[in-house]
2 protein chains.
Amino acid sequence: STANAFSFSKRGMSLEQEINDSNDHYLHKGIAVIHKKPTPIQIVNVDYPKRSRAVIKEAYFRQASTTDYNGVYNGYYVDFEAKETRNKTSFPLKNFHQHQITHFENCLSQKGICFVIIKFTSLNRYFSYPASRLIKHWRNQEDSRKSIKLNEIIDYGIEFYPGFRPTLPYLETINNLIQRIEYDK
Amino acid sequence: STANAFSFSKRGMSLEQEINDSNDHYLHKGIAVIHKKPTPIQIVNVDYPKRSRAVIKEAYFRQASTTDYNGVYNGYYVDFEAKETRNKTSFPLKNFHQHQITHFENCLSQKGICFVIIKFTSLNRYFSYPASRLIKHWRNQEDSRKSIKLNEIIDYGIEFYPGFRPTLPYLETINNLIQRIEYDK
Ligand SMILES: [Mg+2]
Ligand SMILES: [Mg+2]
């Protein structure tokens, strides 16, 4: 059937593709407006051929200053990073960069809804995990563990399950995340 | 003096540079987290030289699907586009693209704070102008004018004045914009 063919075709999708696909669904259904930010590029040299479109001939990758995704859901500013690991029992903090943590801190102080979508690829399990918890672990990593245990993610995150449309119904977890953030205050 | 030298150096700034400069100020003062989105690029060919950073050798500009700027201010999702004109009495609608209008419509239905920063370069006047008004003019342009009169922008927009830090204190207008949006409901 079409549904099976569709679901089969999704098995090769990266986490990023799964999220982009879900965001398209949310956009077209009027549920939320969330986009992946383009990779920042420093352009050095562009060719403008006649009767043809411009070609960038020399450019370099630049360091991002934010997370990958942001947007708006029912009046809330939503901001998240997507990360996957093959690890089965914990999530290594080296997957994050200081600029992402700093960005989360800045957005949280402006009352944004900030979280990480974590995929354990070997387990095929997906979680939303509050940025406030990530920041605590990040700050303690010198004294303490350099990873977040799966059990901690089960306890403080919210699990969701891949589906048909959207591929990743991660926004199902957002009301729960919002409640936790408001409870923290 | 340093202040004069600084202000002099700003005379050559584009509107985009003025806004980026202001966003840096807002970020470092903890007032708001607003970033310009990178230009979306389709990368075709990348060189990975030994002992040196990756060089993009072939890439193309892609059509953006959003506006230029978004972020979070005190729990509000903020989304805007920056536009300048040399025109002295009206702002031509041809400065906008359908995808920007559609994005504003989508964000407004999610209760985002959406507006345009308009600079009349010949007059050196700056306005925040609600996206809801822009959308009305955009929809009427077949039957009616293909531009928005300066007088309409004075009446429905909020003027602000360039300063020292931030260069463009455009967030001063946001509480006023929020009130107008909430008044419209
Ligand atoms: Mg990522
Ligand atoms: Mg623009």
# chains A, B, ... in the order shown; residues from 1 in each chain; ligands from 1
$ closest_atom_pairs --of "chain A" --to "ligand 1" --cutoff "7 Å" --atoms "only C-alpha atoms and all ligand atoms" --output "CSV"
residue,atom,partner,partner_atom_place_in_ligand_line,distance
A:Asp68,CA,ligand 1,1 (Mg),5.6
A:Glu81,CA,ligand 1,1 (Mg),5.2
A:Ala82,CA,ligand 1,1 (Mg),4.5
A:Lys83,CA,ligand 1,1 (Mg),5.4
$ write_last_selection --atoms "C-alpha atoms" --output "mmCIF file, in the first residue's frame"
data_model
loop_
_atom_site.group_PDB
_atom_site.id
_atom_site.type_symbol
_atom_site.label_atom_id
_atom_site.label_comp_id
_atom_site.auth_asym_id
_atom_site.auth_seq_id
_atom_site.Cartn_x
_atom_site.Cartn_y
_atom_site.Cartn_z
ATOM 1 C CA ASP A 68 19.245 24.502 14.479
ATOM 2 C CA GLU A 81 18.533 21.389 18.752
ATOM 3 C CA ALA A 82 18.355 17.873 17.260
ATOM 4 C CA LYS A 83 20.968 15.270 18.205
#
$ interface_residues --of "chain B" --to "chain A" --cutoff "10 Å" --atoms "only C-alpha atoms" --output "tab-separated table (two decimals) with N, CA, C and O atoms, in the first residue's frame"
chain	number	residue	atom	x	y	z
B	27	LEU	N	21.30	41.51	22.62
B	27	LEU	CA	21.74	40.20	23.13
B	27	LEU	C	22.66	40.37	24.33
B	27	LEU	O	22.47	39.73	25.38
B	28	HIS	N	23.65	41.25	24.21
B	28	HIS	CA	24.63	41.39	25.29
B	28	HIS	C	24.06	42.06	26.53
B	28	HIS	O	24.53	41.82	27.62
B	30	GLY	N	20.99	41.41	27.47
B	30	GLY	CA	19.94	40.52	27.98
B	30	GLY	C	18.54	41.03	27.72
B	30	GLY	O	17.60	40.69	28.45
B	31	ILE	N	18.36	41.84	26.67
B	31	ILE	CA	17.05	42.45	26.38
B	31	ILE	C	16.23	41.58	25.44
B	31	ILE	O	15.01	41.47	25.58
B	32	ALA	N	16.87	40.94	24.48
B	32	ALA	CA	16.16	40.10	23.50
B	32	ALA	C	17.18	39.23	22.77
B	32	ALA	O	18.37	39.56	22.74
B	33	VAL	N	16.71	38.13	22.20
B	33	VAL	CA	17.58	37.25	21.40
B	33	VAL	C	17.00	37.22	19.98
B	33	VAL	O	16.03	36.52	19.71
B	34	ILE	N	17.57	38.04	19.12
B	34	ILE	CA	17.06	38.14	17.75
B	34	ILE	C	18.25	38.03	16.79
B	34	ILE	O	19.24	38.73	16.95
B	35	HIS	N	18.14	37.11	15.83
B	35	HIS	CA	19.23	36.88	14.88
B	35	HIS	C	18.73	37.00	13.45
B	35	HIS	O	17.58	36.69	13.16
B	36	LYS	N	19.62	37.42	12.57
B	36	LYS	CA	19.35	37.34	11.14
B	36	LYS	C	19.55	35.90	10.70
B	36	LYS	O	20.51	35.26	11.10
B	37	LYS	N	18.62	35.41	9.88
B	37	LYS	CA	18.81	34.05	9.36
B	37	LYS	C	19.85	34.06	8.26
B	37	LYS	O	19.86	34.96	7.41
B	38	PRO	N	20.72	33.05	8.23
B	38	PRO	CA	21.68	32.96	7.12
B	38	PRO	C	20.95	32.82	5.79
B	38	PRO	O	19.83	32.32	5.73
B	39	THR	N	21.60	33.26	4.72
B	39	THR	CA	21.07	33.06	3.37
B	39	THR	C	21.07	31.58	3.06
B	39	THR	O	22.09	30.91	3.22
B	40	PRO	N	19.95	31.02	2.59
B	40	PRO	CA	19.97	29.59	2.28
B	40	PRO	C	20.75	29.29	1.00
B	40	PRO	O	20.56	29.95	-0.02
B	41	ILE	N	21.64	28.32	1.10
B	41	ILE	CA	22.56	27.97	0.02
B	41	ILE	C	22.42	26.48	-0.26
B	41	ILE	O	22.32	25.68	0.66
B	42	GLN	N	22.40	26.14	-1.54
B	42	GLN	CA	22.46	24.72	-1.93
B	42	GLN	C	23.91	24.41	-2.28
B	42	GLN	O	24.46	24.94	-3.24
B	43	ILE	N	24.52	23.54	-1.49
B	43	ILE	CA	25.94	23.22	-1.68
B	43	ILE	C	26.06	22.01	-2.59
B	43	ILE	O	25.43	20.99	-2.36
B	44	VAL	N	26.86	22.14	-3.64
B	44	VAL	CA	27.01	21.06	-4.63
B	44	VAL	C	28.37	20.38	-4.51
B	44	VAL	O	28.48	19.18	-4.67
B	45	ASN	N	29.40	21.14	-4.23
B	45	ASN	CA	30.75	20.58	-4.27
B	45	ASN	C	31.63	21.24	-3.20
B	45	ASN	O	31.74	22.47	-3.15
B	46	VAL	N	32.25	20.40	-2.37
B	46	VAL	CA	33.11	20.89	-1.29
B	46	VAL	C	34.47	20.21	-1.38
B	46	VAL	O	34.54	19.01	-1.60
B	53	ARG	N	40.96	24.31	6.13
B	53	ARG	CA	39.52	24.11	6.31
B	53	ARG	C	38.81	23.86	4.99
B	53	ARG	O	39.33	24.16	3.91
B	54	ALA	N	37.64	23.28	5.06
B	54	ALA	CA	36.83	22.93	3.89
B	54	ALA	C	36.51	24.17	3.05
B	54	ALA	O	36.24	25.24	3.58
B	55	VAL	N	36.58	24.01	1.73
B	55	VAL	CA	36.25	25.10	0.80
B	55	VAL	C	35.04	24.65	-0.04
B	55	VAL	O	35.10	23.62	-0.70
B	56	ILE	N	34.00	25.47	-0.04
B	56	ILE	CA	32.86	25.21	-0.91
B	56	ILE	C	33.22	25.72	-2.30
B	56	ILE	O	33.54	26.90	-2.47
B	57	LYS	N	33.21	24.80	-3.29
B	57	LYS	CA	33.68	25.13	-4.64
B	57	LYS	C	32.52	25.40	-5.60
B	57	LYS	O	32.72	26.00	-6.66
B	58	GLU	N	31.35	24.86	-5.28
B	58	GLU	CA	30.18	25.11	-6.13
B	58	GLU	C	28.94	25.11	-5.25
B	58	GLU	O	28.67	24.14	-4.54
B	59	ALA	N	28.18	26.20	-5.33
B	59	ALA	CA	26.95	26.31	-4.54
B	59	ALA	C	26.05	27.34	-5.21
B	59	ALA	O	26.51	28.14	-6.04
B	60	TYR	N	24.77	27.29	-4.86
B	60	TYR	CA	23.78	28.20	-5.48
B	60	TYR	C	22.90	28.82	-4.41
B	60	TYR	O	22.63	28.21	-3.38
B	61	PHE	N	22.44	30.04	-4.68
B	61	PHE	CA	21.49	30.70	-3.78
B	61	PHE	C	20.14	30.03	-3.91
B	61	PHE	O	19.69	29.73	-5.02
B	64	ALA	N	14.53	31.84	-0.03
B	64	ALA	CA	14.20	31.73	1.40
B	64	ALA	C	12.71	31.40	1.54
B	64	ALA	O	11.91	31.70	0.67
B	65	SER	N	12.35	30.74	2.65
B	65	SER	CA	10.92	30.47	2.88
B	65	SER	C	10.40	31.28	4.07
B	65	SER	O	9.25	31.12	4.46
B	66	THR	N	11.23	32.13	4.62
B	66	THR	CA	10.81	32.93	5.78
B	66	THR	C	11.23	34.38	5.56
B	66	THR	O	11.71	34.74	4.49
B	70	ASN	N	14.22	36.63	13.16
B	70	ASN	CA	13.27	36.22	14.19
B	70	ASN	C	13.99	35.99	15.50
B	70	ASN	O	15.23	35.98	15.57
B	71	GLY	N	13.19	35.82	16.55
B	71	GLY	CA	13.77	35.60	17.87
B	71	GLY	C	12.73	35.74	18.95
B	71	GLY	O	11.53	35.65	18.68
B	72	VAL	N	13.22	35.94	20.18
B	72	VAL	CA	12.34	35.97	21.35
B	72	VAL	C	12.63	37.19	22.20
B	72	VAL	O	13.78	37.56	22.43
B	73	TYR	N	11.54	37.83	22.65
B	73	TYR	CA	11.61	39.00	23.52
B	73	TYR	C	10.56	38.82	24.61
B	73	TYR	O	9.36	38.78	24.28
B	74	ASN	N	11.00	38.62	25.84
B	74	ASN	CA	10.08	38.57	26.98
B	74	ASN	C	8.88	37.63	26.74
B	74	ASN	O	7.73	37.99	27.01
B	75	GLY	N	9.16	36.45	26.21
B	75	GLY	CA	8.09	35.47	25.97
B	75	GLY	C	7.37	35.62	24.65
B	75	GLY	O	6.58	34.76	24.28
B	76	TYR	N	7.63	36.68	23.93
B	76	TYR	CA	7.00	36.89	22.62
B	76	TYR	C	7.90	36.37	21.50
B	76	TYR	O	9.10	36.62	21.49
B	77	TYR	N	7.26	35.71	20.54
B	77	TYR	CA	7.96	35.36	19.29
B	77	TYR	C	7.92	36.59	18.39
B	77	TYR	O	6.85	37.13	18.08
B	78	VAL	N	9.09	37.03	17.97
B	78	VAL	CA	9.25	38.25	17.17
B	78	VAL	C	9.75	37.87	15.78
B	78	VAL	O	10.68	37.06	15.66
B	79	ASP	N	9.13	38.41	14.75
B	79	ASP	CA	9.48	38.06	13.37
B	79	ASP	C	9.36	39.30	12.50
B	79	ASP	O	8.31	39.95	12.49
B	103	HIS	N	4.59	33.77	4.99
B	103	HIS	CA	5.23	33.49	6.29
B	103	HIS	C	4.64	34.38	7.39
B	103	HIS	O	4.36	33.90	8.50
B	106	ASN	N	1.24	32.99	8.34
B	106	ASN	CA	1.40	31.78	9.16
B	106	ASN	C	1.79	32.13	10.60
B	106	ASN	O	1.24	31.58	11.55
B	107	CYS	N	2.76	33.04	10.75
B	107	CYS	CA	3.23	33.40	12.10
B	107	CYS	C	2.16	34.17	12.88
B	107	CYS	O	2.02	33.98	14.08
B	108	LEU	N	1.41	35.03	12.19
B	108	LEU	CA	0.34	35.76	12.88
B	108	LEU	C	-0.71	34.79	13.40
B	108	LEU	O	-1.24	34.98	14.49
B	109	SER	N	-1.02	33.74	12.64
B	109	SER	CA	-2.03	32.79	13.10
B	109	SER	C	-1.53	31.97	14.29
B	109	SER	O	-2.31	31.37	15.00
B	110	GLN	N	-0.21	31.98	14.53
B	110	GLN	CA	0.38	31.36	15.73
B	110	GLN	C	0.66	32.41	16.81
B	110	GLN	O	1.38	32.12	17.78
B	111	LYS	N	0.11	33.62	16.65
B	111	LYS	CA	0.24	34.70	17.65
B	111	LYS	C	1.66	35.24	17.77
B	111	LYS	O	2.10	35.63	18.86
B	112	GLY	N	2.38	35.24	16.66
B	112	GLY	CA	3.69	35.89	16.66
B	112	GLY	C	3.54	37.40	16.51
B	112	GLY	O	2.49	37.90	16.06
B	113	ILE	N	4.58	38.14	16.89
B	113	ILE	CA	4.63	39.59	16.73
B	113	ILE	C	5.37	39.87	15.43
B	113	ILE	O	6.59	39.72	15.37
$ closest_residue --among "B:Thr167, B:Thr85, B:Thr67, B:Asn20" --to "ligand 2" --atoms "only C-alpha atoms and all ligand atoms"
B:Thr67
$ atom_distance --atom1 "atom CA of Ile101 of chain A" --atom2 "atom CA of Glu172 of chain B"
28.0 Å
$ atom_distance --atom1 "atom CA of Asn140 of chain B" --atom2 "atom CA of Leu123 of chain B"
26.6 Å
$ atom_distance --atom1 "atom CA of Gln98 of chain B" --atom2 "atom CA of Ile178 of chain B"
24.1 Å
$ closest_residue --among "B:Leu168, B:Tyr69, B:Gln17, B:His137" --to "Pro92 of chain B" --atoms "only C-alpha atoms"
B:His137
$ closest_atom_pairs --of "segment 70-138 of chain B" --to "segment 143-161 of chain B" --cutoff "6 Å" --atoms "only C-alpha atoms" --output "CSV"
residue,atom,partner,partner_atom,distance
B:Thr89,CA,B:Leu150,CA,5.2
B:Ser90,CA,B:Lys149,CA,4.1
B:Phe91,CA,B:Ile148,CA,5.0
B:Pro92,CA,B:Ser147,CA,4.1
B:Leu93,CA,B:Ser147,CA,5.0
B:Tyr126,CA,B:Phe160,CA,5.7
B:Phe127,CA,B:Glu159,CA,4.3
B:Ser128,CA,B:Ile158,CA,5.1
B:Tyr129,CA,B:Gly157,CA,4.2
$ decode --residues "segment 90-106 of chain A" --atoms "all heavy atoms" --output "short mmCIF file (atom, residue, chain, number, x, y, z; two decimals), in the first residue's frame"
data_model
loop_
_atom_site.label_atom_id
_atom_site.label_comp_id
_atom_site.auth_asym_id
_atom_site.auth_seq_id
_atom_site.Cartn_x
_atom_site.Cartn_y
_atom_site.Cartn_z
N SER A 90 23.53 6.11 27.47
CA SER A 90 23.70 7.52 27.87
C SER A 90 23.92 8.40 26.64
O SER A 90 24.22 7.89 25.55
CB SER A 90 24.89 7.67 28.83
OG SER A 90 26.09 7.43 28.12
N PHE A 91 23.77 9.69 26.84
CA PHE A 91 23.95 10.65 25.75
C PHE A 91 25.18 11.51 26.04
O PHE A 91 25.19 12.27 27.01
CB PHE A 91 22.70 11.52 25.61
CG PHE A 91 22.78 12.35 24.37
CD1 PHE A 91 22.44 11.81 23.14
CD2 PHE A 91 23.24 13.66 24.43
CE1 PHE A 91 22.55 12.54 21.98
CE2 PHE A 91 23.35 14.40 23.27
CZ PHE A 91 23.01 13.84 22.05
N PRO A 92 26.23 11.40 25.20
CA PRO A 92 27.49 12.12 25.48
C PRO A 92 27.35 13.64 25.30
O PRO A 92 26.83 14.10 24.28
CB PRO A 92 28.46 11.56 24.42
CG PRO A 92 27.80 10.33 23.88
CD PRO A 92 26.33 10.55 24.02
N LEU A 93 27.80 14.38 26.26
CA LEU A 93 27.71 15.85 26.20
C LEU A 93 28.58 16.45 25.11
O LEU A 93 28.37 17.58 24.69
CB LEU A 93 28.07 16.46 27.57
CG LEU A 93 27.01 16.25 28.65
CD1 LEU A 93 27.58 16.58 30.03
CD2 LEU A 93 25.78 17.10 28.36
N LYS A 94 29.58 15.71 24.63
CA LYS A 94 30.43 16.26 23.56
C LYS A 94 29.64 16.50 22.26
O LYS A 94 30.13 17.13 21.34
CB LYS A 94 31.64 15.36 23.30
CG LYS A 94 31.33 14.00 22.69
CD LYS A 94 32.63 13.33 22.23
CE LYS A 94 32.54 11.82 22.04
NZ LYS A 94 31.28 11.26 21.51
N ASN A 95 28.41 16.00 22.19
CA ASN A 95 27.55 16.31 21.05
C ASN A 95 27.13 17.78 21.01
O ASN A 95 26.59 18.24 20.01
CB ASN A 95 26.29 15.44 21.07
CG ASN A 95 26.56 14.03 20.60
OD1 ASN A 95 26.75 13.79 19.43
ND2 ASN A 95 26.62 13.09 21.54
N PHE A 96 27.31 18.48 22.13
CA PHE A 96 26.91 19.89 22.18
C PHE A 96 28.11 20.82 22.11
O PHE A 96 29.23 20.41 22.44
CB PHE A 96 26.12 20.18 23.46
CG PHE A 96 24.78 19.52 23.44
CD1 PHE A 96 24.62 18.27 24.01
CD2 PHE A 96 23.70 20.11 22.81
CE1 PHE A 96 23.39 17.62 23.96
CE2 PHE A 96 22.48 19.48 22.75
CZ PHE A 96 22.32 18.23 23.33
N HIS A 97 27.86 22.04 21.66
CA HIS A 97 28.89 23.06 21.65
C HIS A 97 28.51 24.19 22.58
O HIS A 97 27.31 24.43 22.80
CB HIS A 97 29.09 23.60 20.23
CG HIS A 97 29.45 22.55 19.25
ND1 HIS A 97 28.54 22.04 18.34
CD2 HIS A 97 30.60 21.85 19.07
CE1 HIS A 97 29.13 21.10 17.62
NE2 HIS A 97 30.38 20.96 18.04
N GLN A 98 29.51 24.90 23.08
CA GLN A 98 29.26 25.99 24.02
C GLN A 98 28.25 27.01 23.47
O GLN A 98 27.39 27.51 24.19
CB GLN A 98 30.58 26.67 24.42
CG GLN A 98 30.40 27.81 25.42
CD GLN A 98 29.75 27.38 26.72
OE1 GLN A 98 30.17 26.43 27.37
NE2 GLN A 98 28.65 28.06 27.10
N HIS A 99 28.34 27.32 22.15
CA HIS A 99 27.44 28.37 21.62
C HIS A 99 25.99 27.93 21.69
O HIS A 99 25.09 28.77 21.83
CB HIS A 99 27.84 28.75 20.17
CG HIS A 99 27.40 27.77 19.14
ND1 HIS A 99 28.19 26.73 18.68
CD2 HIS A 99 26.24 27.65 18.45
CE1 HIS A 99 27.54 26.03 17.79
NE2 HIS A 99 26.35 26.55 17.62
N GLN A 100 25.73 26.61 21.62
CA GLN A 100 24.35 26.14 21.71
C GLN A 100 23.81 26.29 23.14
O GLN A 100 22.66 26.69 23.35
CB GLN A 100 24.26 24.67 21.25
CG GLN A 100 24.57 24.53 19.76
CD GLN A 100 24.92 23.11 19.34
OE1 GLN A 100 25.35 22.29 20.15
NE2 GLN A 100 24.75 22.82 18.05
N ILE A 101 24.67 25.98 24.10
CA ILE A 101 24.30 26.12 25.51
C ILE A 101 24.04 27.60 25.83
O ILE A 101 23.03 27.94 26.46
CB ILE A 101 25.43 25.58 26.43
CG1 ILE A 101 25.76 24.11 26.06
CG2 ILE A 101 25.08 25.74 27.89
CD1 ILE A 101 24.69 23.10 26.36
N THR A 102 24.94 28.47 25.39
CA THR A 102 24.78 29.91 25.63
C THR A 102 23.49 30.42 24.99
O THR A 102 22.76 31.20 25.61
CB THR A 102 26.01 30.66 25.05
OG1 THR A 102 27.18 30.13 25.66
CG2 THR A 102 25.91 32.16 25.31
N HIS A 103 23.22 29.97 23.78
CA HIS A 103 21.98 30.38 23.11
C HIS A 103 20.75 29.93 23.91
O HIS A 103 19.80 30.71 24.09
CB HIS A 103 21.94 29.83 21.69
CG HIS A 103 20.69 30.19 20.94
ND1 HIS A 103 20.42 31.47 20.51
CD2 HIS A 103 19.62 29.43 20.58
CE1 HIS A 103 19.25 31.48 19.91
NE2 HIS A 103 18.74 30.26 19.93
N PHE A 104 20.77 28.69 24.40
CA PHE A 104 19.65 28.21 25.23
C PHE A 104 19.48 29.09 26.48
O PHE A 104 18.37 29.44 26.85
CB PHE A 104 19.89 26.76 25.66
CG PHE A 104 19.45 25.73 24.66
CD1 PHE A 104 20.16 24.54 24.52
CD2 PHE A 104 18.31 25.90 23.88
CE1 PHE A 104 19.75 23.56 23.62
CE2 PHE A 104 17.90 24.92 22.98
CZ PHE A 104 18.61 23.75 22.85
N GLU A 105 20.61 29.40 27.13
CA GLU A 105 20.54 30.24 28.34
C GLU A 105 19.90 31.59 28.01
O GLU A 105 19.02 32.07 28.74
CB GLU A 105 21.95 30.46 28.92
CG GLU A 105 22.53 29.21 29.57
CD GLU A 105 24.00 29.32 29.93
OE1 GLU A 105 24.72 30.15 29.30
OE2 GLU A 105 24.45 28.58 30.82
N ASN A 106 20.34 32.18 26.90
CA ASN A 106 19.79 33.48 26.49
C ASN A 106 18.29 33.39 26.21
O ASN A 106 17.51 34.24 26.63
CB ASN A 106 20.51 33.99 25.24
CG ASN A 106 21.96 34.37 25.52
OD1 ASN A 106 22.31 34.69 26.66
ND2 ASN A 106 22.80 34.32 24.50
#
